[in-house]
file structure-v3.csv (CSV, C-alpha atoms and all ligand atoms)
chain,number,residue,atom,x,y,z
A,1451,MET,CA,-3.1,-4.9,-39.6
A,1452,ALA,CA,-3.6,-2.5,-36.8
A,1453,VAL,CA,-4.3,-5.5,-34.5
A,1454,LEU,CA,-1.2,-7.3,-35.6
A,1455,PHE,CA,0.9,-4.2,-35.0
A,1456,ALA,CA,-0.6,-3.8,-31.6
A,1457,ALA,CA,0.2,-7.4,-30.8
A,1458,LEU,CA,3.8,-7.0,-32.0
A,1459,ALA,CA,4.2,-3.8,-30.1
A,1460,SER,CA,3.0,-5.5,-26.9
A,1461,VAL,CA,5.4,-8.4,-27.5
A,1462,ALA,CA,8.3,-6.0,-27.9
A,1463,TRP,CA,7.3,-3.9,-24.9
A,1464,GLY,CA,6.9,-7.0,-22.8
A,1465,HIS,CA,10.3,-8.3,-23.8
A,1466,GLU,CA,11.9,-4.9,-23.0
A,1467,ALA,CA,10.1,-4.7,-19.7
A,1468,THR,CA,11.3,-8.2,-18.7
A,1469,GLU,CA,14.9,-7.3,-19.5
A,1470,ARG,CA,14.9,-4.2,-17.4
A,1471,ASN,CA,12.9,-5.7,-14.6
A,1472,PRO,CA,13.6,-9.3,-13.8
A,1473,PRO,CA,10.6,-10.9,-11.9
A,1474,ALA,CA,12.4,-10.7,-8.5
A,1475,VAL,CA,12.3,-6.9,-8.8
A,1476,GLN,CA,8.7,-6.6,-9.8
A,1477,ALA,CA,7.5,-7.2,-6.2
A,1478,GLU,CA,4.2,-5.8,-5.2
A,1479,GLU,CA,4.5,-2.6,-3.1
A,1480,THR,CA,2.8,-3.0,0.3
A,1481,PRO,CA,2.3,-0.4,3.0
A,1482,PHE,CA,5.3,-2.0,4.8
A,1483,GLY,CA,7.6,-2.4,1.8
A,1484,ARG,CA,8.2,-5.1,-0.8
A,1485,ALA,CA,9.7,-8.5,-1.3
A,1486,ALA,CA,13.4,-8.4,-2.2
A,1487,ASP,CA,16.1,-10.9,-3.1
A,1488,PRO,CA,17.6,-12.0,0.2
A,1489,ARG,CA,21.0,-12.3,-1.6
A,1490,LYS,CA,20.9,-8.6,-2.1
A,1491,ALA,CA,20.7,-7.9,1.6
A,1492,LYS,CA,23.6,-6.2,3.3
A,1493,ARG,CA,22.4,-7.3,6.6
A,1494,THR,CA,21.0,-10.6,8.0
A,1495,VAL,CA,18.9,-10.5,11.2
A,1496,ARG,CA,18.4,-13.8,13.0
A,1497,VAL,CA,15.3,-13.9,15.1
A,1498,GLU,CA,14.8,-16.8,17.5
A,1499,MET,CA,11.3,-18.0,18.1
A,1500,SER,CA,10.5,-19.9,21.3
A,1501,ASP,CA,7.6,-21.9,22.7
A,1502,ALA,CA,7.4,-19.2,25.4
A,1503,MET,CA,5.8,-17.2,22.6
A,1504,ARG,CA,8.6,-14.8,22.2
A,1505,PHE,CA,10.8,-13.5,19.4
A,1506,THR,CA,14.4,-12.6,20.3
A,1507,PRO,CA,15.2,-9.9,19.5
A,1508,ALA,CA,11.8,-8.4,19.5
A,1509,GLU,CA,13.0,-5.1,18.2
A,1510,ILE,CA,14.6,-4.5,14.8
A,1511,ARG,CA,15.8,-1.2,13.5
A,1512,VAL,CA,16.4,-0.6,9.8
A,1513,LYS,CA,16.8,2.4,7.5
A,1514,ARG,CA,14.3,3.2,4.8
A,1515,GLY,CA,15.3,1.5,1.6
A,1516,GLU,CA,17.4,-1.1,3.3
A,1517,VAL,CA,17.1,-4.7,2.1
A,1518,VAL,CA,17.2,-7.1,5.1
A,1519,ARG,CA,17.5,-10.8,5.2
A,1520,LEU,CA,15.4,-12.0,8.1
A,1521,VAL,CA,16.2,-15.5,9.3
A,1522,PRO,CA,13.6,-16.8,11.8
A,1523,VAL,CA,15.0,-19.7,13.8
A,1524,ASN,CA,12.6,-22.0,15.6
A,1525,ARG,CA,14.0,-23.0,18.9
A,1526,GLY,CA,10.8,-24.5,20.1
A,1527,LYS,CA,9.1,-27.9,19.8
A,1528,VAL,CA,6.0,-26.6,17.9
A,1529,MET,CA,5.5,-24.8,14.6
A,1530,HIS,CA,6.1,-21.1,14.6
A,1531,GLU,CA,6.0,-18.5,11.9
A,1532,MET,CA,7.2,-15.0,11.2
A,1533,VAL,CA,4.8,-12.7,9.3
A,1534,ILE,CA,5.6,-9.1,8.8
A,1535,GLY,CA,3.1,-6.3,8.3
A,1536,THR,CA,1.3,-3.4,9.8
A,1537,LEU,CA,-0.2,-4.1,13.2
A,1538,GLU,CA,-3.7,-3.7,11.6
A,1539,ASP,CA,-2.8,-6.3,8.9
A,1540,LEU,CA,-1.5,-8.7,11.5
A,1541,LYS,CA,-4.5,-8.4,13.7
A,1542,GLN,CA,-6.8,-9.1,10.8
A,1543,HIS,CA,-4.7,-12.0,9.7
A,1544,ALA,CA,-4.7,-13.5,13.2
A,1545,GLU,CA,-8.5,-13.2,13.3
A,1546,LEU,CA,-8.7,-15.1,10.0
A,1547,MET,CA,-6.3,-17.8,11.3
A,1548,ARG,CA,-8.6,-18.3,14.4
A,1549,LYS,CA,-11.6,-18.8,12.2
A,1550,HIS,CA,-9.8,-21.1,9.7
A,1551,PRO,CA,-7.0,-22.8,11.7
A,1552,ASP,CA,-6.2,-25.1,8.7
A,1553,MET,CA,-5.7,-22.1,6.3
A,1554,GLN,CA,-2.7,-22.5,4.1
A,1555,HIS,CA,-0.9,-19.3,3.4
A,1556,GLU,CA,2.5,-18.7,1.9
A,1557,GLU,CA,3.6,-15.3,0.8
A,1558,ALA,CA,6.8,-13.4,0.5
A,1559,HIS,CA,6.3,-11.5,3.8
A,1560,MET,CA,6.0,-14.7,5.8
A,1561,ALA,CA,8.0,-17.8,6.7
A,1562,HIS,CA,6.6,-20.9,8.5
A,1563,VAL,CA,9.3,-22.7,10.4
A,1564,ALA,CA,9.2,-26.2,11.7
A,1565,PRO,CA,10.9,-27.0,15.1
A,1566,GLY,CA,14.6,-26.9,14.9
A,1567,LYS,CA,14.6,-25.3,11.4
A,1568,SER,CA,15.1,-21.8,10.1
A,1569,GLY,CA,13.4,-19.8,7.4
A,1570,GLU,CA,14.2,-16.8,5.3
A,1571,ILE,CA,12.5,-13.6,4.3
A,1572,GLY,CA,14.1,-11.0,2.0
A,1573,TRP,CA,12.4,-7.7,2.4
A,1574,GLN,CA,13.0,-4.0,1.5
A,1575,PHE,CA,11.5,-1.5,3.9
A,1576,THR,CA,10.5,1.3,1.5
A,1577,ARG,CA,8.5,3.4,4.0
A,1578,ALA,CA,9.5,4.9,7.3
A,1579,GLY,CA,7.5,4.0,10.3
A,1580,GLU,CA,6.7,1.3,12.8
A,1581,PHE,CA,5.8,-2.1,11.5
A,1582,TYR,CA,5.5,-5.5,13.2
A,1583,PHE,CA,6.3,-9.1,12.9
A,1584,ALA,CA,4.2,-11.8,14.5
A,1585,CYS,CA,3.5,-15.5,14.7
A,1586,LEU,CA,-0.1,-15.9,13.7
A,1587,ILE,CA,-0.6,-19.5,14.7
A,1588,PRO,CA,-3.7,-19.5,16.8
A,1589,GLY,CA,-2.9,-18.5,20.4
A,1590,HIS,CA,0.7,-17.4,19.6
A,1591,PHE,CA,0.0,-13.8,18.6
A,1592,GLU,CA,-2.4,-13.5,21.5
A,1593,GLY,CA,0.3,-15.0,23.8
A,1594,GLY,CA,2.6,-12.1,23.0
A,1595,MET,CA,4.5,-13.5,20.0
A,1596,VAL,CA,5.0,-10.2,18.3
A,1597,GLY,CA,8.0,-7.9,17.6
A,1598,ARG,CA,8.5,-4.4,16.2
A,1599,ILE,CA,10.4,-3.1,13.2
A,1600,THR,CA,11.3,0.5,13.3
A,1601,VAL,CA,12.2,2.0,9.9
A,1602,ALA,CA,14.1,5.2,10.2
A,1603,PRO,CA,13.5,7.8,7.4
B,1,CU,CU,4.4,-19.2,17.2
call {"tool": "encode", "arguments": {"input": "structure-v3.csv", "output": "structure tokens"}}
result
Amino acid sequence: MAVLFAALASVAWGHEATERNPPAVQAEETPFGRAADPRKAKRTVRVEMSDAMRFTPAEIRVKRGEVVRLVPVNRGKVMHEMVIGTLEDLKQHAELMRKHPDMQHEEAHMAHVAPGKSGEIGWQFTRAGEFYFACLIPGHFEGGMVGRITVAP
């Protein structure tokens, strides 16, 4: 009986939690913020990516708590990607990509964009500080394909 009660209680609790927190809001907190519904963003920032291994703009300023819709646009002829994170995370990830060039990765804080296409990342910057965005395709980060996001407190 106690087991059944516990099971029922967990069902009730689970249901209540789901109603209060739809899945889109239950994003994992990272040192650089969390995934957010891009439709909730008050601001869209378009960032162009070129085969000269540059992001334009390469500097983005946001306020802490702000939800931003980042739209990386690939103006080049090769694949590019926008991955946001701390500089340390990005360096480690770039190292991993060098070792495993065929590595498939797809997470909320990144967008892979084919030539001529655009992507979308909805992100809430929950901590003040300096964060970065980079293209981690082997050779691109090393070629200078990195930009900075400054989150004001
Ligand atoms: Cu690139």
call {"tool": "residues_around", "arguments": {"input": "structure-v3.csv", "residues": "Tyr1582 (chain A)", "least_positions_apart": "5", "cutoff": "6 Å", "atoms": "only C-alpha atoms", "output": "PyMOL selection string"}}
result
chain A and resi 1534-1537+1597-1599
call {"tool": "residues_around", "arguments": {"input": "structure-v3.csv", "residues": "region 1549-1560 of chain A", "least_positions_apart": "4", "cutoff": "12 Å", "atoms": "all atoms listed in the file", "output": "JSON, numbers by chain"}}
result
{"A": [1474, 1477, 1478, 1479, 1480, 1481, 1482, 1483, 1484, 1485, 1486, 1487, 1488, 1518, 1519, 1520, 1521, 1522, 1530, 1531, 1532, 1533, 1534, 1535, 1536, 1539, 1540, 1542, 1543, 1544, 1545, 1569, 1570, 1571, 1572, 1573, 1574, 1575, 1582, 1583, 1584, 1585, 1586, 1587, 1588, 1589]}
call {"tool": "atom_distance", "arguments": {"input": "structure-v3.csv", "atom1": "CA of Arg1489 (chain A)", "atom2": "CA of Ala1578 (chain A)"}}
result
22.5 Å
call {"tool": "atom_distance", "arguments": {"input": "structure-v3.csv", "atom1": "CA of Lys1492 (chain A)", "atom2": "CA of Glu1538 (chain A)"}}
result
28.6 Å
call {"tool": "atom_distance", "arguments": {"input": "structure-v3.csv", "atom1": "CA of Val1596 (chain A)", "atom2": "CA of Met1503 (chain A)"}}
result
8.3 Å
call {"tool": "closest_residue", "arguments": {"input": "structure-v3.csv", "among": "A:Arg1504, A:Arg1514, A:Arg1548, A:Arg1577", "to": "ligand CU 1 (chain B)", "atoms": "all atoms listed in the file"}}
result
A:Arg1504
call {"tool": "residues_around", "arguments": {"input": "structure-v3.csv", "residues": "Lys1527 (chain A)", "least_positions_apart": "2", "cutoff": "10 Å", "atoms": "all atoms listed in the file", "output": "number ranges by chain"}}
result
A: 1500-1501, 1524-1525, 1529-1530, 1564-1566
call {"tool": "residues_around", "arguments": {"input": "structure-v3.csv", "residues": "Val1497 (chain A)", "least_positions_apart": "2", "cutoff": "6 Å", "atoms": "only C-alpha atoms", "output": "list in words"}}
result
Thr1506, Pro1507, Pro1522 and Val1523 of chain A
call {"tool": "closest_residue", "arguments": {"input": "structure-v3.csv", "among": "A:Ala1561, A:Ile1510, A:Leu1546, A:Ala1491", "to": "ligand CU 1 (chain B)", "atoms": "all atoms listed in the file"}}
result
A:Ala1561
call {"tool": "closest_residue", "arguments": {"input": "structure-v3.csv", "among": "A:His1562, A:Lys1567, A:Arg1511, A:Arg1493", "to": "ligand CU 1 (chain B)", "atoms": "all atoms listed in the file"}}
result
A:His1562
call {"tool": "closest_residue", "arguments": {"input": "structure-v3.csv", "among": "A:Val1495, A:Pro1603, A:Glu1516, A:Phe1591", "to": "Met1547 (chain A)", "atoms": "only C-alpha atoms"}}
result
A:Phe1591
call {"tool": "closest_residue", "arguments": {"input": "structure-v3.csv", "among": "A:Arg1496, A:Ala1502, A:Ser1568, A:Lys1541", "to": "ligand CU 1 (chain B)", "atoms": "all atoms listed in the file"}}
result
A:Ala1502
call {"tool": "residues_near_point", "arguments": {"input": "structure-v3.csv", "point": "(16.8, 4.3, 7.8)", "cutoff": "7 Å", "atoms": "only C-alpha atoms", "output": "list in words"}}
result
Val1512, Lys1513, Arg1514, Gly1515, Val1601, Ala1602 and Pro1603 of chain A
call {"tool": "decode", "arguments": {"input": "structure-v3.csv", "residues": "region 1493-1505 of chain A", "atoms": "all heavy atoms", "output": "compact mmCIF listing (two decimals), in the first residue's frame"}}
result
# COMPACT_ATOMS: atom_id res chain seq x y z
N ARG A 1493 15.01 40.12 -28.88
CA ARG A 1493 16.02 40.62 -29.80
C ARG A 1493 16.57 39.48 -30.66
O ARG A 1493 16.83 38.39 -30.15
CB ARG A 1493 17.16 41.26 -29.02
CG ARG A 1493 18.21 41.92 -29.87
CD ARG A 1493 18.89 43.04 -29.13
NE ARG A 1493 19.71 42.54 -28.04
CZ ARG A 1493 21.04 42.58 -28.04
NH1 ARG A 1493 21.70 43.08 -29.06
NH2 ARG A 1493 21.74 42.14 -27.02
N THR A 1494 16.72 39.76 -31.94
CA THR A 1494 17.35 38.81 -32.85
C THR A 1494 18.68 39.41 -33.27
O THR A 1494 18.76 40.58 -33.63
CB THR A 1494 16.46 38.59 -34.10
OG1 THR A 1494 15.28 37.90 -33.70
CG2 THR A 1494 17.19 37.76 -35.15
N VAL A 1495 19.72 38.61 -33.16
CA VAL A 1495 21.04 39.06 -33.59
C VAL A 1495 21.50 38.17 -34.74
O VAL A 1495 21.67 36.97 -34.56
CB VAL A 1495 22.08 39.00 -32.44
CG1 VAL A 1495 23.45 39.46 -32.92
CG2 VAL A 1495 21.61 39.82 -31.24
N ARG A 1496 21.61 38.78 -35.92
CA ARG A 1496 22.10 38.03 -37.09
C ARG A 1496 23.61 38.09 -37.11
O ARG A 1496 24.20 39.17 -36.93
CB ARG A 1496 21.57 38.68 -38.38
CG ARG A 1496 20.13 38.38 -38.68
CD ARG A 1496 19.67 39.22 -39.86
NE ARG A 1496 20.39 38.89 -41.08
CZ ARG A 1496 19.96 37.99 -41.97
NH1 ARG A 1496 18.84 37.36 -41.77
NH2 ARG A 1496 20.66 37.75 -43.04
N VAL A 1497 24.23 36.96 -37.29
CA VAL A 1497 25.69 36.92 -37.33
C VAL A 1497 26.11 36.22 -38.61
O VAL A 1497 25.75 35.07 -38.85
CB VAL A 1497 26.25 36.16 -36.10
CG1 VAL A 1497 27.77 36.10 -36.16
CG2 VAL A 1497 25.80 36.81 -34.80
N GLU A 1498 26.83 36.96 -39.45
CA GLU A 1498 27.26 36.36 -40.72
C GLU A 1498 28.57 35.60 -40.54
O GLU A 1498 29.44 36.02 -39.79
CB GLU A 1498 27.41 37.46 -41.78
CG GLU A 1498 26.06 38.11 -42.05
CD GLU A 1498 26.03 38.89 -43.35
OE1 GLU A 1498 27.09 39.05 -43.99
OE2 GLU A 1498 24.91 39.32 -43.72
N MET A 1499 28.64 34.46 -41.23
CA MET A 1499 29.83 33.63 -41.16
C MET A 1499 30.43 33.54 -42.56
O MET A 1499 29.71 33.31 -43.53
CB MET A 1499 29.45 32.23 -40.68
CG MET A 1499 28.67 32.27 -39.36
SD MET A 1499 28.40 30.64 -38.64
CE MET A 1499 27.14 29.99 -39.73
N SER A 1500 31.74 33.75 -42.66
CA SER A 1500 32.37 33.76 -43.98
C SER A 1500 33.50 32.75 -44.06
O SER A 1500 34.05 32.33 -43.04
CB SER A 1500 32.91 35.15 -44.30
OG SER A 1500 34.14 35.35 -43.63
N ASP A 1501 33.88 32.43 -45.30
CA ASP A 1501 35.00 31.51 -45.53
C ASP A 1501 36.34 32.15 -45.18
O ASP A 1501 37.36 31.47 -45.19
CB ASP A 1501 35.00 31.02 -46.98
CG ASP A 1501 33.79 30.11 -47.26
OD1 ASP A 1501 33.13 29.70 -46.30
OD2 ASP A 1501 33.52 29.83 -48.45
N ALA A 1502 36.33 33.46 -44.88
CA ALA A 1502 37.54 34.11 -44.40
C ALA A 1502 37.71 33.82 -42.91
O ALA A 1502 38.58 34.39 -42.25
CB ALA A 1502 37.47 35.61 -44.64
N MET A 1503 36.85 32.91 -42.38
CA MET A 1503 36.89 32.48 -40.98
C MET A 1503 36.58 33.63 -40.02
O MET A 1503 37.24 33.82 -39.01
CB MET A 1503 38.26 31.85 -40.62
CG MET A 1503 38.65 30.71 -41.52
SD MET A 1503 37.37 29.44 -41.57
CE MET A 1503 37.75 28.62 -43.10
N ARG A 1504 35.55 34.38 -40.42
CA ARG A 1504 35.15 35.49 -39.56
C ARG A 1504 33.65 35.48 -39.29
O ARG A 1504 32.86 35.07 -40.15
CB ARG A 1504 35.52 36.83 -40.22
CG ARG A 1504 37.00 37.11 -40.28
CD ARG A 1504 37.60 37.33 -38.89
NE ARG A 1504 39.04 37.53 -38.92
CZ ARG A 1504 39.95 36.55 -38.87
NH1 ARG A 1504 39.58 35.29 -38.80
NH2 ARG A 1504 41.24 36.83 -38.88
N PHE A 1505 33.30 35.95 -38.09
CA PHE A 1505 31.92 36.21 -37.73
C PHE A 1505 31.73 37.73 -37.81
O PHE A 1505 32.60 38.49 -37.38
CB PHE A 1505 31.64 35.81 -36.28
CG PHE A 1505 31.55 34.33 -36.03
CD1 PHE A 1505 32.56 33.65 -35.36
CD2 PHE A 1505 30.42 33.61 -36.42
CE1 PHE A 1505 32.46 32.30 -35.09
CE2 PHE A 1505 30.31 32.24 -36.15
CZ PHE A 1505 31.33 31.59 -35.48
